[in-house]
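Undergrad: Here you go, this is query_28.tsv (TSV, C-alpha atoms and all ligand atoms).
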```
chain	number	residue	atom	x	y	z
A	1	MET	CA	19.77	16.38	68.74
A	2	GLY	CA	17.54	13.31	68.70
A	3	LEU	CA	17.20	10.49	66.24
A	4	LYS	CA	15.19	11.35	63.15
A	5	LEU	CA	14.08	8.27	61.27
A	6	ILE	CA	12.02	7.36	58.23
A	7	PHE	CA	10.35	3.98	57.77
A	8	LEU	CA	10.04	3.27	54.08
A	9	GLY	CA	8.45	0.30	52.35
A	10	PRO	CA	5.48	-0.93	50.35
A	11	PRO	CA	1.99	-0.98	51.90
A	12	GLY	CA	1.68	-4.07	54.09
A	13	ALA	CA	5.42	-4.45	54.66
A	14	GLY	CA	4.79	-4.15	58.39
A	15	LYS	CA	6.52	-0.79	58.61
A	16	GLY	CA	3.69	0.67	60.72
A	17	THR	CA	3.86	-2.20	63.23
A	18	GLN	CA	7.63	-1.84	63.46
A	19	ALA	CA	7.52	1.95	63.64
A	20	VAL	CA	5.18	1.73	66.65
A	21	ARG	CA	7.47	-0.76	68.42
A	22	VAL	CA	10.63	1.19	67.73
A	23	SER	CA	8.96	4.43	68.82
A	24	GLN	CA	7.99	2.81	72.15
A	25	LYS	CA	11.45	1.39	72.65
A	26	LEU	CA	13.28	4.61	71.83
A	27	HIS	CA	10.63	7.00	73.23
A	28	LEU	CA	10.26	8.82	69.93
A	29	PRO	CA	6.95	10.15	68.59
A	30	HIS	CA	5.50	7.96	65.83
A	31	ILE	CA	4.14	10.04	62.96
A	32	SER	CA	2.04	8.13	60.44
A	33	THR	CA	0.58	10.31	57.70
A	34	GLY	CA	-1.92	7.52	56.91
A	35	ASP	CA	-3.11	7.59	60.55
A	36	ILE	CA	-3.38	11.39	60.45
A	37	PHE	CA	-5.60	11.16	57.36
A	38	ARG	CA	-7.71	8.37	58.89
A	39	GLN	CA	-8.26	10.49	62.03
A	40	HIS	CA	-9.41	13.40	59.87
A	41	LEU	CA	-11.64	11.09	57.89
A	42	LYS	CA	-13.28	9.82	61.06
A	43	ALA	CA	-13.74	13.36	62.36
A	44	LYS	CA	-15.16	14.36	58.93
A	45	THR	CA	-12.91	17.42	58.62
A	46	GLU	CA	-12.34	19.16	55.28
A	47	LEU	CA	-8.89	17.56	55.10
A	48	GLY	CA	-10.47	14.17	55.81
A	49	LYS	CA	-12.95	14.61	52.96
A	50	LEU	CA	-10.21	15.68	50.58
A	51	ALA	CA	-7.93	12.78	51.56
A	52	GLN	CA	-10.68	10.17	51.33
A	53	GLY	CA	-11.14	10.73	47.61
A	54	TYR	CA	-7.51	9.71	47.05
A	55	MET	CA	-7.23	7.04	49.73
A	56	ASP	CA	-10.27	5.07	48.61
A	57	LYS	CA	-8.81	4.88	45.10
A	58	GLY	CA	-5.39	3.80	46.37
A	59	LEU	CA	-3.88	7.09	45.14
A	60	LEU	CA	-1.56	9.47	46.94
A	61	VAL	CA	-2.84	12.66	48.53
A	62	PRO	CA	-1.20	15.65	46.74
A	63	ASP	CA	2.35	16.43	47.83
A	64	GLU	CA	1.70	19.99	49.04
A	65	VAL	CA	-1.07	18.81	51.38
A	66	VAL	CA	1.05	16.06	52.97
A	67	ILE	CA	4.19	18.19	53.16
A	68	SER	CA	2.44	20.99	55.05
A	69	ILE	CA	0.96	18.50	57.55
A	70	VAL	CA	4.38	16.95	58.22
A	71	ARG	CA	6.09	20.34	58.38
A	72	GLU	CA	3.71	21.42	61.16
A	73	ARG	CA	3.81	18.11	62.99
A	74	ILE	CA	7.59	17.87	63.25
A	75	ALA	CA	7.74	21.43	64.54
A	76	GLU	CA	5.75	20.35	67.65
A	77	PRO	CA	7.74	20.33	70.89
A	78	ASP	CA	7.58	16.52	71.30
A	79	CYS	CA	9.63	16.13	68.11
A	80	GLY	CA	12.56	18.04	69.60
A	81	GLN	CA	14.20	14.75	70.63
A	82	GLY	CA	13.64	13.13	67.22
A	83	PHE	CA	10.75	11.22	65.62
A	84	ILE	CA	9.81	8.33	63.37
A	85	LEU	CA	8.08	9.12	60.10
A	86	ASP	CA	5.95	6.22	58.85
A	87	GLY	CA	4.51	6.47	55.35
A	88	PHE	CA	6.20	9.78	54.59
A	89	PRO	CA	7.89	10.65	52.28
A	90	ARG	CA	6.26	8.70	49.47
A	91	THR	CA	7.44	10.73	46.46
A	92	THR	CA	10.72	12.35	45.45
A	93	ALA	CA	9.11	15.79	45.82
A	94	GLN	CA	8.18	14.96	49.42
A	95	ALA	CA	11.71	13.69	50.17
A	96	GLN	CA	13.27	16.82	48.71
A	97	ALA	CA	10.90	19.05	50.68
A	98	LEU	CA	11.72	17.16	53.88
A	99	ASP	CA	15.46	17.53	53.27
A	100	GLY	CA	14.85	21.26	52.99
A	101	ILE	CA	13.18	21.28	56.42
A	102	ILE	CA	15.29	18.96	58.57
A	103	ASN	CA	18.18	16.46	58.49
A	104	ILE	CA	17.08	12.85	58.54
A	105	ASP	CA	19.58	10.48	60.20
A	106	ARG	CA	18.51	7.10	58.89
A	107	VAL	CA	15.98	5.48	56.56
A	108	ILE	CA	14.83	1.96	57.35
A	109	ASN	CA	13.57	0.27	54.19
A	110	VAL	CA	11.33	-2.65	55.10
A	111	ASP	CA	11.11	-4.78	51.99
A	112	VAL	CA	8.59	-7.53	51.19
A	113	PRO	CA	7.73	-9.16	47.83
A	114	ASP	CA	4.42	-8.20	46.17
A	115	ASP	CA	2.80	-11.63	46.50
A	116	THR	CA	3.38	-11.63	50.28
A	117	ILE	CA	1.89	-8.12	50.50
A	118	ILE	CA	-1.25	-9.13	48.65
A	119	LYS	CA	-1.71	-12.07	51.03
A	120	ARG	CA	-1.02	-9.95	54.13
A	121	LEU	CA	-3.32	-7.09	53.21
A	122	SER	CA	-6.26	-9.30	52.28
A	123	ASN	CA	-5.86	-10.83	55.74
A	124	ARG	CA	-5.39	-7.55	57.64
A	125	ARG	CA	-8.19	-6.39	59.96
A	126	VAL	CA	-8.36	-3.25	62.07
A	127	CYS	CA	-10.25	-2.42	65.23
A	128	PRO	CA	-12.48	0.65	64.70
A	129	SER	CA	-12.47	1.24	68.44
A	130	CYS	CA	-8.88	0.91	69.73
A	131	GLY	CA	-7.07	1.14	66.38
A	132	GLY	CA	-5.26	-2.23	66.73
A	133	THR	CA	-4.15	-4.05	63.57
A	134	TYR	CA	-4.30	-7.85	63.31
A	135	GLY	CA	-3.79	-10.72	60.89
A	136	ARG	CA	-7.13	-12.53	60.73
A	137	ASP	CA	-5.43	-15.91	60.27
A	138	LEU	CA	-3.13	-15.29	63.25
A	139	ILE	CA	-5.87	-14.43	65.74
A	140	GLY	CA	-8.43	-16.84	64.19
A	141	SER	CA	-11.33	-14.49	64.94
A	142	ASP	CA	-13.18	-11.39	63.74
A	143	THR	CA	-13.18	-9.62	67.10
A	144	CYS	CA	-10.49	-7.43	68.60
A	145	PRO	CA	-8.31	-9.46	71.02
A	146	SER	CA	-7.67	-6.37	73.13
A	147	CYS	CA	-11.14	-4.74	73.39
A	148	GLY	CA	-13.64	-7.21	71.88
A	149	THR	CA	-14.99	-4.88	69.15
A	150	ALA	CA	-15.87	-6.40	65.75
A	151	LEU	CA	-12.87	-5.98	63.45
A	152	VAL	CA	-13.24	-4.42	59.99
A	153	GLN	CA	-11.26	-4.42	56.77
A	154	ARG	CA	-9.77	-1.09	55.73
A	155	GLU	CA	-11.56	0.17	52.60
A	156	ASP	CA	-8.18	0.46	50.87
A	157	ASP	CA	-7.22	-3.14	51.76
A	158	LYS	CA	-9.83	-4.47	49.29
A	159	PRO	CA	-8.05	-6.38	46.47
A	160	GLU	CA	-8.53	-3.85	43.60
A	161	THR	CA	-7.26	-1.01	45.78
A	162	VAL	CA	-4.30	-3.05	47.02
A	163	ARG	CA	-3.22	-3.65	43.42
A	164	LYS	CA	-3.46	0.09	42.72
A	165	ARG	CA	-1.53	0.99	45.90
A	166	LEU	CA	1.22	-1.43	44.93
A	167	SER	CA	1.59	0.03	41.46
A	168	VAL	CA	1.62	3.56	42.96
A	169	TYR	CA	4.33	2.36	45.36
A	170	HIS	CA	6.49	0.97	42.55
A	171	GLU	CA	6.11	4.07	40.40
A	172	GLN	CA	6.30	6.85	42.96
A	173	THR	CA	7.83	5.61	46.22
A	174	GLN	CA	10.37	2.96	45.18
A	175	PRO	CA	12.66	5.60	43.59
A	176	LEU	CA	13.25	6.86	47.15
A	177	ILE	CA	15.34	3.75	47.83
A	178	GLU	CA	17.87	5.09	45.35
A	179	TYR	CA	17.47	8.65	46.65
A	180	TYR	CA	18.43	7.66	50.20
A	181	SER	CA	21.01	4.99	49.23
A	182	ALA	CA	22.96	7.54	47.24
A	183	ASP	CA	24.18	9.30	50.39
A	184	GLY	CA	24.37	6.23	52.61
A	185	ARG	CA	21.31	6.91	54.76
A	186	LEU	CA	19.40	3.75	53.79
A	187	THR	CA	19.35	0.40	55.60
A	188	ASP	CA	17.48	-2.50	53.98
A	189	ILE	CA	15.57	-4.84	56.27
A	190	ASP	CA	13.92	-8.08	55.12
A	191	GLY	CA	10.29	-7.58	56.16
A	192	SER	CA	9.19	-11.10	55.21
A	193	LEU	CA	10.55	-12.48	58.50
A	194	GLY	CA	8.46	-12.65	61.69
A	195	ILE	CA	7.58	-9.47	63.60
A	196	ASP	CA	10.10	-10.02	66.45
A	197	ASN	CA	12.85	-10.95	64.05
A	198	VAL	CA	12.30	-7.83	61.93
A	199	PHE	CA	12.21	-5.69	65.08
A	200	ASN	CA	15.55	-7.12	66.30
A	201	LYS	CA	17.14	-6.51	62.91
A	202	ILE	CA	15.97	-2.90	62.92
A	203	MET	CA	17.24	-2.33	66.45
A	204	SER	CA	20.64	-3.76	65.62
A	205	ALA	CA	20.76	-1.73	62.39
A	206	LEU	CA	20.12	1.40	64.46
A	207	GLY	CA	22.90	0.19	66.78
A	208	SER	CA	24.89	3.03	68.22
A	209	ASP	CA	22.56	5.60	66.59
A	210	ALA	CA	19.88	4.50	69.06
A	211	LYS	CA	22.04	4.70	72.17
A	301	LIG	P1	-0.93	4.24	54.84
A	301	LIG	O1	-1.72	3.97	56.06
A	301	LIG	O2	0.46	4.76	55.14
A	301	LIG	O3	-0.91	3.08	53.88
A	301	LIG	O4	-1.66	5.45	54.08
A	301	LIG	C1	-2.99	5.33	53.61
A	301	LIG	C2	-3.26	6.31	52.50
A	301	LIG	O5	-3.07	7.66	52.96
A	301	LIG	C3	-2.35	6.20	51.29
A	301	LIG	O6	-2.75	5.17	50.40
A	301	LIG	C4	-2.48	7.59	50.69
A	301	LIG	O7	-3.71	7.75	50.01
A	301	LIG	C5	-2.53	8.47	51.93
A	301	LIG	N1	-1.15	8.86	52.33
A	301	LIG	C6	-0.49	8.51	53.47
A	301	LIG	N2	0.76	9.02	53.50
A	301	LIG	C7	0.90	9.71	52.33
A	301	LIG	C8	1.96	10.44	51.74
A	301	LIG	N3	3.16	10.57	52.35
A	301	LIG	N4	1.73	11.00	50.52
A	301	LIG	C9	0.57	10.90	49.90
A	301	LIG	N5	-0.46	10.20	50.38
A	301	LIG	C10	-0.32	9.61	51.59
```
Turn this file's structure into structure tokens for me.
TA:
Amino acid sequence: MGLKLIFLGPPGAGKGTQAVRVSQKLHLPHISTGDIFRQHLKAKTELGKLAQGYMDKGLLVPDEVVISIVRERIAEPDCGQGFILDGFPRTTAQAQALDGIINIDRVINVDVPDDTIIKRLSNRRVCPSCGGTYGRDLIGSDTCPSCGTALVQREDDKPETVRKRLSVYHEQTQPLIEYYSADGRLTDIDGSLGIDNVFNKIMSALGSDAK
């Protein structure tokens, strides 16, 4: 009986950054469906090729594909003590499928206004070598502070794709806020604060759940 969490929120809300920190703190596996697709894309697998067509357009990969990946992943032994899902579910069909597989304890909804997201994502750079994510204006450089590799912009962080991802979020993912509020599983967190501040708010929201 471990803690099973979902991190919900628009692209660029910082949910990935927070999910990594919380997973380290609570020793829970961090499962990011976006990361899984990016790994497949890099390894040029069939799944990677299929996902790329959707990702590059800012669209969602079909539900049945994502659901079967998550179903298999959370059945792995390391998920026996709980897990953090980051970027899944993103549609009502995915949420319903997940509820049919396992009981989720809490949903952390990291919320940030659209204009902040557009600014953040146009500034976001990733390290193709170690996978780190950085704000270009924060580090004031185009090289990775941890390994020195030249940073790149994610293909789907280009402005046209960001706009598409945001509209997909509002249409398909935002209804999940209502879905999880209805039975009291949702906690809203203001993601426009600084990283440490958001982290502390999440940890105190998890409170006794996390003990
Ligand atoms: P992310 O890194 O979470 O922003 O995910 C990057 C991209 O991967 C998304 O824009 C989608 O194309 C795809 N993706 C990730 N998670 C899901 C999901 N739960 N459902 C459908 N597509 C997803």
Undergrad: Rounded to one decimal place, report the atom CA of A:Ile101-atom P1 of ligand LIG 301 (chain A) distance in Å.
TA: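 Result for atom CA of A:Ile101 versus atom P1 of ligand LIG 301 (chain A): 22.2 Å, one decimal.
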Undergrad: Measuring between all atoms listed in the file, which one of A:Ile202, A:Ala51, A:Leu59, A:Ala97 shows the shortest distance to A:Leu166?
TA: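 The closest residue to A:Leu166 is A:Leu59.
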Undergrad: How many Å lie between atom CA of A:Phe83 and atom CA of A:Ile104, rounded to one decimal?
TA: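 If I compute the distance from atom CA of A:Phe83 to atom CA of A:Ile104, I get 9.6 Å.
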Undergrad: With all atoms listed in the file counted, collect every polymer residue having an atom within 10 Å of ligand LIG 301 (chain A); state the result as a PyMOL selection string.
TA: chain A and resi 8-13+15-16+32-38+51-67+69-70+85-91+93-95+154+156-157+161-162+164-166+168-169+172-173
Undergrad: Next, the residues of the selection above should be written as an mmCIF file, in the coordinates of the input with C-alpha atoms.
TA:
```cif
data_model
loop_
_atom_site.group_PDB
_atom_site.id
_atom_site.type_symbol
_atom_site.label_atom_id
_atom_site.label_comp_id
_atom_site.auth_asym_id
_atom_site.auth_seq_id
_atom_site.Cartn_x
_atom_site.Cartn_y
_atom_site.Cartn_z
ATOM 1 C CA LEU A 8 10.040 3.270 54.080
ATOM 2 C CA GLY A 9 8.450 0.300 52.350
ATOM 3 C CA PRO A 10 5.480 -0.930 50.350
ATOM 4 C CA PRO A 11 1.990 -0.980 51.900
ATOM 5 C CA GLY A 12 1.680 -4.070 54.090
ATOM 6 C CA ALA A 13 5.420 -4.450 54.660
ATOM 7 C CA LYS A 15 6.520 -0.790 58.610
ATOM 8 C CA GLY A 16 3.690 0.670 60.720
ATOM 9 C CA SER A 32 2.040 8.130 60.440
ATOM 10 C CA THR A 33 0.580 10.310 57.700
ATOM 11 C CA GLY A 34 -1.920 7.520 56.910
ATOM 12 C CA ASP A 35 -3.110 7.590 60.550
ATOM 13 C CA ILE A 36 -3.380 11.390 60.450
ATOM 14 C CA PHE A 37 -5.600 11.160 57.360
ATOM 15 C CA ARG A 38 -7.710 8.370 58.890
ATOM 16 C CA ALA A 51 -7.930 12.780 51.560
ATOM 17 C CA GLN A 52 -10.680 10.170 51.330
ATOM 18 C CA GLY A 53 -11.140 10.730 47.610
ATOM 19 C CA TYR A 54 -7.510 9.710 47.050
ATOM 20 C CA MET A 55 -7.230 7.040 49.730
ATOM 21 C CA ASP A 56 -10.270 5.070 48.610
ATOM 22 C CA LYS A 57 -8.810 4.880 45.100
ATOM 23 C CA GLY A 58 -5.390 3.800 46.370
ATOM 24 C CA LEU A 59 -3.880 7.090 45.140
ATOM 25 C CA LEU A 60 -1.560 9.470 46.940
ATOM 26 C CA VAL A 61 -2.840 12.660 48.530
ATOM 27 C CA PRO A 62 -1.200 15.650 46.740
ATOM 28 C CA ASP A 63 2.350 16.430 47.830
ATOM 29 C CA GLU A 64 1.700 19.990 49.040
ATOM 30 C CA VAL A 65 -1.070 18.810 51.380
ATOM 31 C CA VAL A 66 1.050 16.060 52.970
ATOM 32 C CA ILE A 67 4.190 18.190 53.160
ATOM 33 C CA ILE A 69 0.960 18.500 57.550
ATOM 34 C CA VAL A 70 4.380 16.950 58.220
ATOM 35 C CA LEU A 85 8.080 9.120 60.100
ATOM 36 C CA ASP A 86 5.950 6.220 58.850
ATOM 37 C CA GLY A 87 4.510 6.470 55.350
ATOM 38 C CA PHE A 88 6.200 9.780 54.590
ATOM 39 C CA PRO A 89 7.890 10.650 52.280
ATOM 40 C CA ARG A 90 6.260 8.700 49.470
ATOM 41 C CA THR A 91 7.440 10.730 46.460
ATOM 42 C CA ALA A 93 9.110 15.790 45.820
ATOM 43 C CA GLN A 94 8.180 14.960 49.420
ATOM 44 C CA ALA A 95 11.710 13.690 50.170
ATOM 45 C CA ARG A 154 -9.770 -1.090 55.730
ATOM 46 C CA ASP A 156 -8.180 0.460 50.870
ATOM 47 C CA ASP A 157 -7.220 -3.140 51.760
ATOM 48 C CA THR A 161 -7.260 -1.010 45.780
ATOM 49 C CA VAL A 162 -4.300 -3.050 47.020
ATOM 50 C CA LYS A 164 -3.460 0.090 42.720
ATOM 51 C CA ARG A 165 -1.530 0.990 45.900
ATOM 52 C CA LEU A 166 1.220 -1.430 44.930
ATOM 53 C CA VAL A 168 1.620 3.560 42.960
ATOM 54 C CA TYR A 169 4.330 2.360 45.360
ATOM 55 C CA GLN A 172 6.300 6.850 42.960
ATOM 56 C CA THR A 173 7.830 5.610 46.220
#
```
Undergrad: So, with all atoms listed in the file as the atoms that count, which of A:Val110, A:Ile84, A:Leu3, A:Ile117 lies closest to A:Val198?
TA: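 Selected residue with least distance to A:Val198: A:Val110.
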Undergrad: Between A:Arg124, A:Lys49, A:His40, A:His27, which one has atoms that come closest to A:Cys79, using all atoms listed in the file?
TA: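 Of the candidates, the smallest distance to A:Cys79 is held by A:His27.
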Undergrad: Of the candidates A:Val107, A:Ser204, A:Pro29, A:Gln18, which one gets nearest to A:Asp183 if we count only C-alpha atoms?
TA: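 Going through A:Val107, A:Ser204, A:Pro29, A:Gln18 one by one, the smallest distance to A:Asp183 is for A:Val107.
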Undergrad: Between atom CA of A:His30 and atom CA of A:Gly2, what is the spacing in Å?
TA: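 Taking atom CA of A:Gly2 as the start and atom CA of A:His30 as the end point, the length is 13.5 Å.
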Undergrad: Choose the residue, out of A:Cys127, A:Leu5, A:Cys144, A:Val20, that has the smallest atom-to-atom separation from A:Gln81; count all atoms listed in the file.
TA: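 When distances to A:Gln81 are compared using all atoms listed in the file, the smallest one comes from A:Leu5.
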Undergrad: Rank nothing, just name the residue among A:Gln24, A:Ser167, A:Leu151, A:Ser141 nearest to A:Asp114, using only C-alpha atoms.
TA: A:Ser167
Undergrad: May I have a table of the residues of stretch 81-150 of chain A lying at most 7 Å from stretch 185-191 of chain A, giving each one's closest pair of atoms and their distance in Å to one decimal, counting all atoms listed in the file, ordered by chain and ascending residue number, as CSV?
TA:
```
residue,atom,partner,partner_atom,distance
A:Asp105,CA,A:Arg185,CA,6.7
A:Arg106,CA,A:Arg185,CA,5.0
A:Val107,CA,A:Leu186,CA,4.7
A:Ile108,CA,A:Thr187,CA,5.1
A:Asn109,CA,A:Asp188,CA,4.8
A:Val110,CA,A:Ile189,CA,4.9
A:Asp111,CA,A:Gly191,CA,5.1
A:Val112,CA,A:Gly191,CA,5.3
```
Undergrad: Can you put all heavy atoms back into stretch 133-144 of chain A and show it as an mmCIF file, keeping the file's coordinate frame?
TA:
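Saved to rebuild.cif:
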```
data_model
loop_
_atom_site.group_PDB
_atom_site.id
_atom_site.type_symbol
_atom_site.label_atom_id
_atom_site.label_comp_id
_atom_site.auth_asym_id
_atom_site.auth_seq_id
_atom_site.Cartn_x
_atom_site.Cartn_y
_atom_site.Cartn_z
ATOM 1 N N THR A 133 -4.218 -3.408 64.887
ATOM 2 C CA THR A 133 -4.150 -4.050 63.570
ATOM 3 C C THR A 133 -3.804 -5.520 63.770
ATOM 4 O O THR A 133 -2.873 -5.834 64.518
ATOM 5 C CB THR A 133 -3.055 -3.395 62.719
ATOM 6 O OG1 THR A 133 -3.376 -2.022 62.546
ATOM 7 C CG2 THR A 133 -2.946 -4.026 61.345
ATOM 8 N N TYR A 134 -4.521 -6.422 63.086
ATOM 9 C CA TYR A 134 -4.300 -7.850 63.310
ATOM 10 C C TYR A 134 -4.351 -8.623 62.004
ATOM 11 O O TYR A 134 -5.010 -8.213 61.057
ATOM 12 C CB TYR A 134 -5.404 -8.412 64.241
ATOM 13 C CG TYR A 134 -5.495 -7.660 65.537
ATOM 14 C CD1 TYR A 134 -6.427 -6.638 65.696
ATOM 15 C CD2 TYR A 134 -4.618 -7.937 66.581
ATOM 16 C CE1 TYR A 134 -6.486 -5.904 66.877
ATOM 17 C CE2 TYR A 134 -4.668 -7.216 67.761
ATOM 18 C CZ TYR A 134 -5.611 -6.203 67.901
ATOM 19 O OH TYR A 134 -5.655 -5.485 69.065
ATOM 20 N N GLY A 135 -3.651 -9.765 61.991
ATOM 21 C CA GLY A 135 -3.790 -10.720 60.890
ATOM 22 C C GLY A 135 -4.923 -11.660 61.271
ATOM 23 O O GLY A 135 -4.872 -12.290 62.317
ATOM 24 N N ARG A 136 -5.950 -11.720 60.418
ATOM 25 C CA ARG A 136 -7.130 -12.530 60.730
ATOM 26 C C ARG A 136 -6.743 -13.998 60.958
ATOM 27 O O ARG A 136 -7.245 -14.657 61.861
ATOM 28 C CB ARG A 136 -8.083 -12.403 59.571
ATOM 29 C CG ARG A 136 -9.461 -12.906 59.860
ATOM 30 C CD ARG A 136 -10.245 -12.681 58.584
ATOM 31 N NE ARG A 136 -11.630 -13.051 58.735
ATOM 32 C CZ ARG A 136 -12.326 -13.552 57.741
ATOM 33 N NH1 ARG A 136 -11.758 -13.752 56.559
ATOM 34 N NH2 ARG A 136 -13.576 -13.844 57.924
ATOM 35 N N ASP A 137 -5.823 -14.507 60.115
ATOM 36 C CA ASP A 137 -5.430 -15.910 60.270
ATOM 37 C C ASP A 137 -4.639 -16.151 61.556
ATOM 38 O O ASP A 137 -4.705 -17.228 62.141
ATOM 39 C CB ASP A 137 -4.661 -16.425 59.036
ATOM 40 C CG ASP A 137 -3.416 -15.592 58.737
ATOM 41 O OD1 ASP A 137 -3.186 -14.574 59.433
ATOM 42 O OD2 ASP A 137 -2.675 -15.964 57.816
ATOM 43 N N LEU A 138 -3.921 -15.130 62.011
ATOM 44 C CA LEU A 138 -3.130 -15.290 63.250
ATOM 45 C C LEU A 138 -4.009 -15.340 64.487
ATOM 46 O O LEU A 138 -3.791 -16.144 65.388
ATOM 47 C CB LEU A 138 -2.138 -14.120 63.402
ATOM 48 C CG LEU A 138 -0.890 -14.174 62.539
ATOM 49 C CD1 LEU A 138 -0.037 -12.940 62.780
ATOM 50 C CD2 LEU A 138 -0.081 -15.432 62.872
ATOM 51 N N ILE A 139 -5.041 -14.463 64.531
ATOM 52 C CA ILE A 139 -5.870 -14.430 65.740
ATOM 53 C C ILE A 139 -7.059 -15.389 65.625
ATOM 54 O O ILE A 139 -7.701 -15.692 66.627
ATOM 55 C CB ILE A 139 -6.349 -12.996 66.095
ATOM 56 C CG1 ILE A 139 -7.174 -12.381 64.961
ATOM 57 C CG2 ILE A 139 -5.187 -12.099 66.452
ATOM 58 C CD1 ILE A 139 -7.915 -11.122 65.400
ATOM 59 N N GLY A 140 -7.359 -15.861 64.390
ATOM 60 C CA GLY A 140 -8.430 -16.840 64.190
ATOM 61 C C GLY A 140 -9.797 -16.341 64.623
ATOM 62 O O GLY A 140 -10.629 -17.124 65.080
ATOM 63 N N SER A 141 -10.049 -15.036 64.484
ATOM 64 C CA SER A 141 -11.330 -14.490 64.940
ATOM 65 C C SER A 141 -11.580 -13.144 64.267
ATOM 66 O O SER A 141 -10.664 -12.521 63.714
ATOM 67 C CB SER A 141 -11.254 -14.320 66.460
ATOM 68 O OG SER A 141 -11.982 -13.212 66.891
ATOM 69 N N ASP A 142 -12.842 -12.688 64.311
ATOM 70 C CA ASP A 142 -13.180 -11.390 63.740
ATOM 71 C C ASP A 142 -13.451 -10.341 64.819
ATOM 72 O O ASP A 142 -14.063 -9.319 64.549
ATOM 73 C CB ASP A 142 -14.398 -11.516 62.818
ATOM 74 C CG ASP A 142 -14.008 -12.165 61.494
ATOM 75 O OD1 ASP A 142 -12.973 -11.782 60.935
ATOM 76 O OD2 ASP A 142 -14.730 -13.078 61.051
ATOM 77 N N THR A 143 -13.021 -10.640 66.060
ATOM 78 C CA THR A 143 -13.180 -9.620 67.100
ATOM 79 C C THR A 143 -11.815 -9.215 67.654
ATOM 80 O O THR A 143 -10.875 -10.009 67.657
ATOM 81 C CB THR A 143 -14.063 -10.103 68.284
ATOM 82 O OG1 THR A 143 -13.543 -11.339 68.758
ATOM 83 C CG2 THR A 143 -15.521 -10.263 67.892
ATOM 84 N N CYS A 144 -11.753 -7.987 68.126
ATOM 85 C CA CYS A 144 -10.490 -7.430 68.600
ATOM 86 C C CYS A 144 -10.017 -8.145 69.870
ATOM 87 O O CYS A 144 -10.747 -8.168 70.863
ATOM 88 C CB CYS A 144 -10.661 -5.936 68.866
ATOM 89 S SG CYS A 144 -9.159 -5.184 69.527
#
```
